[in-house]
file entry.cif (mmCIF, N, CA and C atoms)
data_coords
loop_
_atom_site.label_atom_id
_atom_site.label_comp_id
_atom_site.auth_asym_id
_atom_site.auth_seq_id
_atom_site.Cartn_x
_atom_site.Cartn_y
_atom_site.Cartn_z
N MET A 1 -16.85 -22.60 -34.12
CA MET A 1 -17.34 -22.50 -32.77
C MET A 1 -16.42 -23.31 -31.86
N VAL A 2 -16.08 -22.73 -30.70
CA VAL A 2 -15.18 -23.38 -29.75
C VAL A 2 -16.01 -24.10 -28.70
N ARG A 3 -15.67 -25.34 -28.45
CA ARG A 3 -16.37 -26.10 -27.41
C ARG A 3 -15.45 -26.21 -26.20
N LEU A 4 -15.99 -25.99 -25.02
CA LEU A 4 -15.24 -26.10 -23.78
C LEU A 4 -15.45 -27.47 -23.16
N SER A 5 -14.41 -27.97 -22.56
CA SER A 5 -14.53 -29.24 -21.85
C SER A 5 -15.29 -28.99 -20.54
N GLN A 6 -15.69 -30.06 -19.90
CA GLN A 6 -16.40 -29.94 -18.62
C GLN A 6 -15.52 -29.25 -17.58
N LYS A 7 -14.22 -29.56 -17.57
CA LYS A 7 -13.30 -28.95 -16.61
C LYS A 7 -13.17 -27.45 -16.87
N GLN A 8 -13.06 -27.06 -18.14
CA GLN A 8 -12.96 -25.65 -18.48
C GLN A 8 -14.24 -24.91 -18.09
N THR A 9 -15.38 -25.54 -18.28
CA THR A 9 -16.65 -24.92 -17.93
C THR A 9 -16.74 -24.70 -16.42
N GLN A 10 -16.23 -25.66 -15.65
CA GLN A 10 -16.25 -25.53 -14.19
C GLN A 10 -15.37 -24.39 -13.72
N MET A 11 -14.35 -24.08 -14.48
CA MET A 11 -13.41 -23.04 -14.07
C MET A 11 -13.85 -21.64 -14.49
N MET A 12 -14.92 -21.52 -15.22
CA MET A 12 -15.38 -20.21 -15.69
C MET A 12 -15.97 -19.39 -14.55
N PRO A 13 -15.84 -18.03 -14.64
CA PRO A 13 -16.43 -17.16 -13.62
C PRO A 13 -17.92 -17.43 -13.49
N GLY A 14 -18.40 -17.29 -12.30
CA GLY A 14 -19.82 -17.54 -12.04
C GLY A 14 -20.09 -18.97 -11.63
N ASN A 15 -19.13 -19.81 -11.81
CA ASN A 15 -19.26 -21.21 -11.43
C ASN A 15 -18.47 -21.37 -10.13
N CYS A 16 -19.11 -21.53 -9.02
CA CYS A 16 -18.49 -21.52 -7.69
C CYS A 16 -18.03 -22.89 -7.23
N SER A 17 -17.72 -23.76 -8.15
CA SER A 17 -17.33 -25.10 -7.74
C SER A 17 -15.84 -25.20 -7.40
N ILE A 18 -15.08 -24.12 -7.57
CA ILE A 18 -13.64 -24.16 -7.30
C ILE A 18 -13.38 -23.52 -5.94
N ASP A 19 -12.71 -24.26 -5.07
CA ASP A 19 -12.35 -23.73 -3.75
C ASP A 19 -10.92 -23.21 -3.84
N MET A 20 -10.76 -21.91 -3.73
CA MET A 20 -9.44 -21.28 -3.85
C MET A 20 -8.86 -20.91 -2.49
N THR A 21 -9.46 -21.38 -1.42
CA THR A 21 -9.01 -21.03 -0.08
C THR A 21 -7.56 -21.40 0.15
N GLY A 22 -7.18 -22.60 -0.23
CA GLY A 22 -5.79 -23.05 -0.05
C GLY A 22 -4.81 -22.19 -0.82
N TRP A 23 -5.16 -21.90 -2.07
CA TRP A 23 -4.28 -21.07 -2.89
C TRP A 23 -4.16 -19.66 -2.32
N LEU A 24 -5.27 -19.10 -1.89
CA LEU A 24 -5.24 -17.75 -1.31
C LEU A 24 -4.40 -17.71 -0.04
N GLY A 25 -4.50 -18.74 0.78
CA GLY A 25 -3.67 -18.81 1.99
C GLY A 25 -2.20 -18.86 1.64
N TYR A 26 -1.86 -19.67 0.64
CA TYR A 26 -0.49 -19.78 0.17
C TYR A 26 0.00 -18.44 -0.37
N PHE A 27 -0.83 -17.80 -1.17
CA PHE A 27 -0.48 -16.49 -1.75
C PHE A 27 -0.28 -15.44 -0.66
N MET A 28 -1.15 -15.40 0.31
CA MET A 28 -1.05 -14.40 1.39
C MET A 28 0.20 -14.63 2.25
N THR A 29 0.54 -15.88 2.49
CA THR A 29 1.76 -16.18 3.25
C THR A 29 2.99 -15.71 2.49
N GLY A 30 3.02 -15.97 1.19
CA GLY A 30 4.13 -15.51 0.36
C GLY A 30 4.21 -13.99 0.32
N LEU A 31 3.07 -13.33 0.19
CA LEU A 31 3.04 -11.87 0.16
C LEU A 31 3.52 -11.29 1.49
N GLU A 32 3.08 -11.88 2.59
CA GLU A 32 3.52 -11.42 3.91
C GLU A 32 5.03 -11.56 4.07
N THR A 33 5.58 -12.68 3.63
CA THR A 33 7.02 -12.90 3.71
C THR A 33 7.77 -11.85 2.90
N GLN A 34 7.30 -11.59 1.69
CA GLN A 34 7.93 -10.59 0.84
C GLN A 34 7.85 -9.20 1.45
N MET A 35 6.72 -8.83 2.04
CA MET A 35 6.56 -7.51 2.65
C MET A 35 7.51 -7.35 3.85
N ILE A 36 7.68 -8.40 4.63
CA ILE A 36 8.60 -8.35 5.77
C ILE A 36 10.03 -8.15 5.27
N GLU A 37 10.41 -8.87 4.20
CA GLU A 37 11.75 -8.72 3.64
C GLU A 37 11.98 -7.32 3.09
N VAL A 38 10.99 -6.75 2.42
CA VAL A 38 11.11 -5.39 1.89
C VAL A 38 11.25 -4.38 3.03
N LYS A 39 10.48 -4.56 4.09
CA LYS A 39 10.56 -3.66 5.24
C LYS A 39 11.95 -3.73 5.88
N GLU A 40 12.45 -4.94 6.11
CA GLU A 40 13.76 -5.11 6.72
C GLU A 40 14.86 -4.53 5.84
N ARG A 41 14.78 -4.76 4.55
CA ARG A 41 15.79 -4.22 3.62
C ARG A 41 15.75 -2.69 3.61
N GLY A 42 14.55 -2.13 3.62
CA GLY A 42 14.40 -0.67 3.66
C GLY A 42 15.00 -0.08 4.93
N GLU A 43 14.73 -0.73 6.06
CA GLU A 43 15.29 -0.26 7.33
C GLU A 43 16.81 -0.33 7.32
N GLN A 44 17.35 -1.39 6.71
CA GLN A 44 18.80 -1.57 6.63
C GLN A 44 19.43 -0.46 5.77
N VAL A 45 18.79 -0.14 4.65
CA VAL A 45 19.31 0.91 3.76
C VAL A 45 19.27 2.26 4.46
N ILE A 46 18.19 2.54 5.17
CA ILE A 46 18.08 3.81 5.90
C ILE A 46 19.14 3.88 6.99
N ARG A 47 19.33 2.80 7.72
CA ARG A 47 20.35 2.78 8.79
C ARG A 47 21.74 3.01 8.20
N ARG A 48 22.01 2.35 7.07
CA ARG A 48 23.30 2.53 6.41
C ARG A 48 23.50 3.98 5.99
N ASP A 49 22.49 4.59 5.38
CA ASP A 49 22.60 5.97 4.94
C ASP A 49 22.81 6.93 6.11
N VAL A 50 22.14 6.67 7.23
CA VAL A 50 22.31 7.51 8.42
C VAL A 50 23.74 7.41 8.93
N LEU A 51 24.28 6.19 8.99
CA LEU A 51 25.66 6.01 9.46
C LEU A 51 26.68 6.62 8.49
N VAL A 52 26.42 6.52 7.19
CA VAL A 52 27.31 7.12 6.20
C VAL A 52 27.39 8.63 6.43
N GLN A 53 26.24 9.26 6.66
CA GLN A 53 26.24 10.71 6.92
C GLN A 53 26.87 11.04 8.26
N LYS A 54 26.50 10.31 9.29
CA LYS A 54 26.99 10.58 10.64
C LYS A 54 28.51 10.52 10.71
N TYR A 55 29.11 9.52 10.05
CA TYR A 55 30.55 9.32 10.12
C TYR A 55 31.29 9.89 8.90
N SER A 56 30.57 10.59 8.03
CA SER A 56 31.18 11.19 6.82
C SER A 56 31.98 10.17 6.03
N LEU A 57 31.35 9.06 5.69
CA LEU A 57 32.02 7.98 4.96
C LEU A 57 32.00 8.26 3.46
N ASN A 58 33.04 7.80 2.76
CA ASN A 58 33.03 7.92 1.31
C ASN A 58 32.22 6.77 0.70
N GLU A 59 32.11 6.78 -0.62
CA GLU A 59 31.27 5.79 -1.31
C GLU A 59 31.74 4.36 -1.05
N ARG A 60 33.05 4.14 -1.10
CA ARG A 60 33.58 2.78 -0.87
C ARG A 60 33.32 2.34 0.56
N GLN A 61 33.50 3.23 1.51
CA GLN A 61 33.23 2.89 2.92
C GLN A 61 31.74 2.59 3.10
N GLY A 62 30.89 3.30 2.38
CA GLY A 62 29.45 3.01 2.42
C GLY A 62 29.14 1.62 1.90
N LYS A 63 29.84 1.21 0.84
CA LYS A 63 29.67 -0.15 0.31
C LYS A 63 30.10 -1.18 1.35
N ALA A 64 31.24 -0.90 1.98
CA ALA A 64 31.75 -1.83 3.01
C ALA A 64 30.75 -1.92 4.15
N LEU A 65 30.20 -0.79 4.56
CA LEU A 65 29.23 -0.79 5.65
C LEU A 65 27.98 -1.59 5.29
N GLY A 66 27.48 -1.40 4.07
CA GLY A 66 26.33 -2.18 3.62
C GLY A 66 26.61 -3.67 3.62
N PHE A 67 27.81 -4.05 3.16
CA PHE A 67 28.20 -5.45 3.16
C PHE A 67 28.25 -6.00 4.59
N LEU A 68 28.82 -5.21 5.49
CA LEU A 68 28.91 -5.63 6.89
C LEU A 68 27.53 -5.81 7.51
N MET A 69 26.62 -4.92 7.20
CA MET A 69 25.28 -5.01 7.77
C MET A 69 24.55 -6.26 7.28
N GLU A 70 24.84 -6.65 6.06
CA GLU A 70 24.18 -7.81 5.49
C GLU A 70 24.86 -9.12 5.84
N ASN A 71 26.20 -9.11 5.92
CA ASN A 71 26.96 -10.36 6.10
C ASN A 71 27.64 -10.51 7.45
N LYS A 72 27.60 -9.47 8.28
CA LYS A 72 28.15 -9.49 9.65
C LYS A 72 29.66 -9.44 9.72
N LYS A 73 30.38 -9.72 8.62
CA LYS A 73 31.84 -9.63 8.63
C LYS A 73 32.32 -9.28 7.24
N LEU A 74 33.53 -8.72 7.18
CA LEU A 74 34.12 -8.29 5.91
C LEU A 74 35.61 -8.55 5.94
N THR A 75 36.12 -9.15 4.89
CA THR A 75 37.56 -9.32 4.74
C THR A 75 38.04 -8.37 3.63
N ILE A 76 39.32 -8.19 3.53
CA ILE A 76 39.86 -7.34 2.47
C ILE A 76 39.52 -7.94 1.10
N GLN A 77 39.46 -9.27 1.02
CA GLN A 77 39.09 -9.92 -0.25
C GLN A 77 37.64 -9.60 -0.61
N ASP A 78 36.75 -9.59 0.40
CA ASP A 78 35.35 -9.21 0.15
C ASP A 78 35.29 -7.78 -0.37
N PHE A 79 36.05 -6.90 0.26
CA PHE A 79 36.06 -5.48 -0.10
C PHE A 79 36.60 -5.31 -1.52
N GLU A 80 37.62 -6.06 -1.87
CA GLU A 80 38.15 -6.01 -3.24
C GLU A 80 37.09 -6.45 -4.25
N GLY A 81 36.27 -7.41 -3.87
CA GLY A 81 35.18 -7.85 -4.74
C GLY A 81 34.11 -6.79 -4.93
N LEU A 82 33.92 -5.93 -3.94
CA LEU A 82 32.94 -4.84 -4.04
C LEU A 82 33.47 -3.68 -4.88
N CYS A 83 34.77 -3.46 -4.84
CA CYS A 83 35.41 -2.31 -5.50
C CYS A 83 36.51 -2.83 -6.43
N LEU A 84 36.11 -3.37 -7.55
CA LEU A 84 37.03 -4.08 -8.43
C LEU A 84 38.16 -3.22 -8.98
N ASP A 85 37.93 -1.95 -9.26
CA ASP A 85 38.93 -1.11 -9.91
C ASP A 85 39.76 -0.29 -8.92
N VAL A 86 39.72 -0.66 -7.65
CA VAL A 86 40.44 0.09 -6.63
C VAL A 86 41.55 -0.79 -6.07
N ASN A 87 42.74 -0.20 -5.90
CA ASN A 87 43.84 -1.03 -5.40
C ASN A 87 43.67 -1.33 -3.91
N ARG A 88 44.29 -2.40 -3.49
CA ARG A 88 44.15 -2.91 -2.13
C ARG A 88 44.56 -1.87 -1.09
N ARG A 89 45.61 -1.13 -1.35
CA ARG A 89 46.09 -0.15 -0.38
C ARG A 89 45.03 0.92 -0.10
N SER A 90 44.32 1.37 -1.11
CA SER A 90 43.25 2.36 -0.92
C SER A 90 42.13 1.77 -0.07
N LEU A 91 41.81 0.52 -0.33
CA LEU A 91 40.75 -0.14 0.44
C LEU A 91 41.18 -0.31 1.90
N GLN A 92 42.45 -0.63 2.11
CA GLN A 92 42.95 -0.75 3.48
C GLN A 92 42.86 0.59 4.21
N ARG A 93 43.17 1.69 3.49
CA ARG A 93 43.04 3.02 4.10
C ARG A 93 41.58 3.32 4.45
N ASP A 94 40.65 2.91 3.59
CA ASP A 94 39.22 3.11 3.87
C ASP A 94 38.82 2.36 5.14
N LEU A 95 39.28 1.13 5.26
CA LEU A 95 38.95 0.33 6.45
C LEU A 95 39.61 0.92 7.70
N LYS A 96 40.84 1.41 7.55
CA LYS A 96 41.53 2.05 8.67
C LYS A 96 40.75 3.28 9.13
N GLY A 97 40.21 4.03 8.19
CA GLY A 97 39.40 5.19 8.54
C GLY A 97 38.16 4.80 9.33
N MET A 98 37.54 3.69 8.96
CA MET A 98 36.37 3.20 9.69
C MET A 98 36.77 2.71 11.08
N LEU A 99 37.97 2.12 11.19
CA LEU A 99 38.49 1.70 12.50
C LEU A 99 38.74 2.93 13.38
N ASP A 100 39.36 3.96 12.81
CA ASP A 100 39.66 5.18 13.56
C ASP A 100 38.40 5.88 14.07
N LYS A 101 37.33 5.78 13.30
CA LYS A 101 36.05 6.39 13.70
C LYS A 101 35.26 5.48 14.65
N GLU A 102 35.86 4.32 14.96
CA GLU A 102 35.28 3.33 15.86
C GLU A 102 33.90 2.83 15.39
N LEU A 103 33.75 2.78 14.08
CA LEU A 103 32.53 2.23 13.49
C LEU A 103 32.64 0.71 13.37
N VAL A 104 33.86 0.24 13.11
CA VAL A 104 34.12 -1.20 13.00
C VAL A 104 35.29 -1.56 13.91
N LYS A 105 35.43 -2.85 14.12
CA LYS A 105 36.60 -3.36 14.84
C LYS A 105 37.15 -4.52 14.03
N SER A 106 38.44 -4.79 14.23
CA SER A 106 39.07 -5.88 13.50
C SER A 106 39.32 -7.04 14.45
N GLU A 107 39.27 -8.23 13.88
CA GLU A 107 39.49 -9.46 14.65
C GLU A 107 40.38 -10.38 13.83
N GLY A 108 41.24 -11.11 14.50
CA GLY A 108 42.06 -12.11 13.83
C GLY A 108 43.47 -11.64 13.54
N ALA A 109 44.24 -12.54 12.97
CA ALA A 109 45.64 -12.28 12.62
C ALA A 109 45.70 -11.44 11.35
N THR A 110 46.86 -10.86 11.11
CA THR A 110 47.05 -9.96 9.97
C THR A 110 46.64 -10.59 8.65
N ASN A 111 47.03 -11.83 8.43
CA ASN A 111 46.71 -12.47 7.15
C ASN A 111 45.28 -13.02 7.10
N GLN A 112 44.57 -12.99 8.23
CA GLN A 112 43.18 -13.45 8.26
C GLN A 112 42.30 -12.43 8.98
N LEU A 113 42.58 -11.14 8.76
CA LEU A 113 41.87 -10.07 9.43
C LEU A 113 40.42 -10.00 8.95
N VAL A 114 39.51 -9.88 9.91
CA VAL A 114 38.08 -9.76 9.62
C VAL A 114 37.58 -8.51 10.31
N TYR A 115 36.75 -7.75 9.60
CA TYR A 115 36.16 -6.54 10.18
C TYR A 115 34.70 -6.81 10.50
N VAL A 116 34.26 -6.33 11.66
CA VAL A 116 32.88 -6.47 12.11
C VAL A 116 32.39 -5.13 12.64
N LEU A 117 31.09 -4.93 12.58
CA LEU A 117 30.52 -3.70 13.13
C LEU A 117 30.62 -3.69 14.65
N ARG A 118 30.87 -2.53 15.19
CA ARG A 118 30.83 -2.41 16.65
C ARG A 118 29.37 -2.41 17.07
N ALA A 119 29.09 -2.99 18.22
CA ALA A 119 27.71 -3.09 18.73
C ALA A 119 27.14 -1.75 19.11
#
call {"tool": "encode", "arguments": {"input": "entry.cif", "output": "structure tokens"}}
result
Amino acid sequence: MVRLSQKQTQMMPGNCSIDMTGWLGYFMTGLETQMIEVKERGEQVIRRDVLVQKYSLNERQGKALGFLMENKKLTIQDFEGLCLDVNRRSLQRDLKGMLDKELVKSEGATNQLVYVLRA
């Protein structure tokens, strides 16, 4: 036969001596924060997909666009990190294509070029 301690007995269902209001408030705040993040991420993905279709972007350009939407800026080194098996020249052509379509703009000197989304 198993004996329960007084604390365990107090925690059993039907025993209303435990106030869970604080925990429920904490849980609801966390849930609300998570739901807001999911909504924002979903909106970002939809916006990215719409822009990919609108501008006829390839898969790599779509990755670059997603990175830009999340991080506000992109360097060629960032792009190389997203597309590990692609040579730098191909990535530069992808970025040039996005510049030509006026989806992004470049800022800075040649060796420190940064790409940002156009407003």
call {"tool": "closest_residue", "arguments": {"input": "entry.cif", "among": "A:Arg41, A:Arg89, A:Arg48, A:Lys54", "to": "Leu68 (chain A)", "atoms": "only C-alpha atoms"}}
result
A:Arg48
call {"tool": "atom_distance", "arguments": {"input": "entry.cif", "atom1": "CA of Ile46 (chain A)", "atom2": "CA of Leu95 (chain A)"}}
result
21.2 Å
call {"tool": "resolve_selection", "arguments": {"input": "entry.cif", "expression": "the PyMOL selection byres ((chain A and resi 114) around 7)", "output": "number ranges by chain"}}
result
A: 73-76, 105-109, 112-113, 115-116
call {"tool": "atom_distance", "arguments": {"input": "entry.cif", "atom1": "CA of Glu59 (chain A)", "atom2": "CA of Glu40 (chain A)"}}
result
22.1 Å
call {"tool": "resolve_selection", "arguments": {"input": "entry.cif", "expression": "the PyMOL selection byres (((chain A and resi 52 and name CA) around 12) and name CA)", "output": "ChimeraX atom specification"}}
result
/A:45-51,53-66,98,101,103
call {"tool": "select_by_dssp", "arguments": {"input": "entry.cif", "residues": "chain A", "states": "strand (DSSP E)", "output": "list in words"}}
result
Val104, Lys105, Ser106, Glu107, Val114, Tyr115, Val116 and Leu117 of chain A
call {"tool": "atom_distance", "arguments": {"input": "entry.cif", "atom1": "CA of Glu37 (chain A)", "atom2": "CA of Glu102 (chain A)"}}
result
29.1 Å
call {"tool": "axis_aligned_box", "arguments": {"input": "entry.cif", "around": "region 109-116 of chain A", "padding_each_side": "3 Å", "output": "JSON"}}
result
{"center_x": 39.7, "center_y": -9.3, "center_z": 10.0, "size_x": 20.7, "size_y": 14.3, "size_z": 11.9}
call {"tool": "select_by_dssp", "arguments": {"input": "entry.cif", "residues": "region 44-86 of chain A", "states": "helix (DSSP H, G or I)", "output": "PyMOL selection string"}}
result
chain A and resi 44-54+59-71+76-82
call {"tool": "closest_residue", "arguments": {"input": "entry.cif", "among": "A:Met28, A:Met20, A:Met69, A:Leu117", "to": "Val104 (chain A)", "atoms": "only N, CA and C atoms"}}
result
A:Leu117
